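J.: Just passing along the structure, written as structure tokens.
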Amino acid sequence: MADQPNIVFIMADDHAAKAISSYGGGINQTPNIDRLAKEGMRFDHCYVTNSICTPSRAAILTGTYNHVNKVFTLDTYLDNRLPNVAKHLQTGGYQTAIVGKWHLGEGKDHEPTGFDFWSVLPGQGEYFDPLMIEMGIEIEVPGYATDVITDKSINWLEQRDKTKPFFLMCHHKAPHREWEPHPKNRKLFQEDVKIPDSFDDDYKNRANAASQARMRIKDDLKYADLGLVQPEGGSEVGQRIMLRSTLRKIPNPEDVTMLRLIDKDTGEVFKFNTNDELSTFKYQRYLKRYLRTVESIDESVGRILDYLDENKLAENTIVIYTSDQGFFLGEHGWFDKRFMYEESFKMPFLVRYPQEIQPGLICKNMACNVDFAPTFLDFAGLPIPNYMQGNSLRPLLKDTVPEDWPEVAYHRYWMHRDPNHNAYSHYGIRNQRYKLIYWYNEDYGLPGTNKGGEEREWELFDCQTDPLELFSVFYDPLYKEVVEMMKTKLEKKMIEICDVPEHTINPKI
């Protein structure tokens, strides 16, 4: 088709919307990513269907929820014989490529399919001199991962078949843990970052899952996370992060005056007089490393946008910037993701396409990562297959809202109590104002596998009056009708996508 647009899909790993300046977080500046917001549309209610890397990527590629594509956890991989959006685009006339993080498994059953060219990181990948699997061959590429992925993406654009439209998935490793910045950016952000209002959360007035999670900045970061030297020793220098690991958490002792932490690059020694000083040090060290790592992502986006401009491709190219999920940047005292709480659940999503999208638009309607694949196919003028469960975002991008547009976003996290984070399995929905969560706490979230008989719990948040999500109002009599309304919407959504409603088939509360 002569009018098929090119598509460049840029996805970071764990990039919180708050760390993109066009979202108004106020903690950093991302001028290149912001170009997409200024020249296109920013989505304020784009949500992930499962806030963890591997399942999110499967949902994006297939346009299906994880109970359909069977990628539930970090340990369940995508069957590459399944149809995916790259295959549809490839057979529809596109030249396709994926560069960077894949994280959907390796070997002949899980390597990328549907791509004319692929060069991906094995597993999580490395920040420096990363190993990559390129068309089935493992190679080592010198340099910093963000630069390497950008170079390879631009090189492919340069060498592509210029008679065909192109679909490029540029998938960055950054800013994933352990947040290792490019050496040139290590001195950025010398001023302290504002600590979130909910940093000292006491986890009261909510389900038990919040207090049990092991994602606390004060207690669960390891030495490598903060660029510190891990001393020799056992439990006296910190707990293991998990069984059989040699990596240890930075201690949070009652008496901090004897604690010495050492910068791995400069040898600087840090001492503390109070627990508050230590907590603030951990937070600032974490946030600054994270933001320094984001800096290279923004530089990468600028390089790709410049390439499109210089080669007169910008007008007919859809450029998307997103992350595979959100991330906690100290809210509730946490790092990481997994939960349906807003900072983890919300994805940044910015789109520019001069031919159809007016500049500077902001979308407040619900969108999900299962919507991405149908959107690509819609713009390409190709049929959207009936197995896909998402909706094309194209009407929203034209600033119109269909009457039957979904009112809710659905989330389900299956990786119950993984040994590193202890995050409980749950599912729920969010509409414009309310969020309903059901914690069903079963091993790996699979029906019929509950071994401990753990308590099941509901939560309801009024996101308008309680945007920090500190007070569940599920049992508040004033919200009785809201509870029933949201339960009805949840059950309707689960029927629509054919997911298993544990709260009705195996009710305990």
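By order of appearance in the structure tokens: chains A, B, ..., then residues from 1 within every chain, and ligands from 1 in the order shown.
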Got a sec: who's within 9 Å of Trp118 (chain A), counting only C-alpha atoms, leaving out chain neighbours fewer than 5 positions off, as a list in words?

T.: Thr96, Ala97, Ile98, Val99, Gly100, Pro112, Thr113, Ile133, Glu134, Met135 and Gly136 of chain A

J.: Any chance you could export the current selection's C-alpha atoms as a PDB file, in the first residue's frame?

T.:
```pdb
ATOM      1  CA  THR A  96      10.558  -5.259  10.239  1.00  0.00           C
ATOM      2  CA  ALA A  97      13.278  -5.162  12.890  1.00  0.00           C
ATOM      3  CA  ILE A  98      13.688  -5.402  16.646  1.00  0.00           C
ATOM      4  CA  VAL A  99      16.821  -4.191  18.422  1.00  0.00           C
ATOM      5  CA  GLY A 100      17.546  -4.307  22.142  1.00  0.00           C
ATOM      6  CA  PRO A 112      12.025 -13.322  17.729  1.00  0.00           C
ATOM      7  CA  THR A 113       9.865 -14.253  14.749  1.00  0.00           C
ATOM      8  CA  ILE A 133      22.058 -12.453  19.939  1.00  0.00           C
ATOM      9  CA  GLU A 134      21.918 -11.253  16.340  1.00  0.00           C
ATOM     10  CA  MET A 135      19.980 -13.430  13.930  1.00  0.00           C
ATOM     11  CA  GLY A 136      20.789 -16.454  16.095  1.00  0.00           C
TER      12      GLY A 136
END
```

J.: Tell me which protein, DNA and RNA residues are within 9 Å of region 224-235 of chain A, counting only C-alpha atoms, leaving out same-chain ones fewer than 2 positions away, and put them as number ranges by chain.

T.: A: 177-180, 221-222, 237-240, 247-250, 261-265, 267, 282, 285-286, 289

J.: Just checking: using only C-alpha atoms, which residue out of A:Val319, A:Val482, A:Met11, A:Cys46 ends up closest to Val408 (chain A)?

T.: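 Result for the nearest residue to Val408 (chain A): A:Cys46.
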
J.: If you measure from CA of Thr62 (chain A) to CA of Leu305 (chain A), what distance in Å do you get, rounded to one decimal?

T.: 26.6 Å

J.: For Tyr475 (chain A), work out the shell of residues within 10 Å, counting only C-alpha atoms and skipping chain neighbours fewer than 3 positions away, then give it as a short mmCIF file (atom, residue, chain, number, x, y, z; two decimals) with C-alpha atoms, in the first residue's frame.

T.:
```cif
data_model
loop_
_atom_site.label_atom_id
_atom_site.label_comp_id
_atom_site.auth_asym_id
_atom_site.auth_seq_id
_atom_site.Cartn_x
_atom_site.Cartn_y
_atom_site.Cartn_z
CA TRP A 458 -10.37 -6.19 48.45
CA GLU A 459 -9.29 -2.60 48.05
CA LEU A 460 -11.11 0.39 46.58
CA SER A 472 -8.85 1.94 50.91
CA LEU A 478 -20.40 5.82 51.85
CA TYR A 479 -18.84 3.85 48.99
CA LYS A 480 -21.16 0.83 49.10
CA VAL A 483 -18.11 -1.00 45.33
#
```

J.: I want to know what sits within 9 Å of Asn205 (chain A), based on only C-alpha atoms, with residues of the same chain fewer than 4 positions away left out; could you give that as JSON, numbers by chain?

T.: {"A": [470, 471, 472, 473]}

J.: Got time to write the residues from that selection, N, CA and C atoms, as a compact mmCIF listing (two decimals), in the first residue's frame?

T.:
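Final file, selection25.txt:
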```
# COMPACT_ATOMS: atom_id res chain seq x y z
N LEU A 470 -3.65 6.04 49.66
CA LEU A 470 -3.25 5.73 51.03
C LEU A 470 -4.39 5.14 51.86
N PHE A 471 -5.64 5.27 51.38
CA PHE A 471 -6.79 4.85 52.17
C PHE A 471 -7.76 4.04 51.31
N SER A 472 -7.84 2.74 51.58
CA SER A 472 -8.85 1.94 50.91
C SER A 472 -10.21 2.25 51.53
N VAL A 473 -11.20 2.50 50.66
CA VAL A 473 -12.55 2.82 51.14
C VAL A 473 -13.52 1.68 50.82
```

J.: Within region 219-281 of chain A, find each residue whose DSSP state, derived from the backbone, is strand (DSSP E), and express the selection as an NGL selection string.

T.: :A and (261-262 or 269-270)

J.: Atoms to include: N, CA and C atoms. Write the selected residues as a tab-separated table (two decimals), in the first residue's frame.

T.:
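Listing of out_10.tsv after writing:
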```
chain	number	residue	atom	x	y	z
A	261	LEU	N	29.76	3.11	53.95
A	261	LEU	CA	29.44	2.73	52.58
A	261	LEU	C	30.43	3.41	51.65
A	262	ILE	N	30.87	2.69	50.61
A	262	ILE	CA	31.96	3.17	49.77
A	262	ILE	C	31.52	3.21	48.31
A	269	VAL	N	33.86	7.61	51.01
A	269	VAL	CA	33.28	6.90	52.14
A	269	VAL	C	32.13	7.72	52.71
A	270	PHE	N	31.00	7.07	52.95
A	270	PHE	CA	29.82	7.75	53.48
A	270	PHE	C	29.54	7.25	54.90
```

J.: I'd like the contact shell of Glu191 (chain A) - 12 Å cut-off, only C-alpha atoms, skipping same-chain residues fewer than 4 positions apart - returned as a ChimeraX atom specification.

T.: /A:27-28,187,284-285,287-288

J.: If you count only C-alpha atoms, which residues fall within 7 Å of Pro130 (chain A), apart from same-chain ones fewer than 2 positions away, as a PyMOL selection string?

T.: chain A and resi 125-128+132+140-142+145
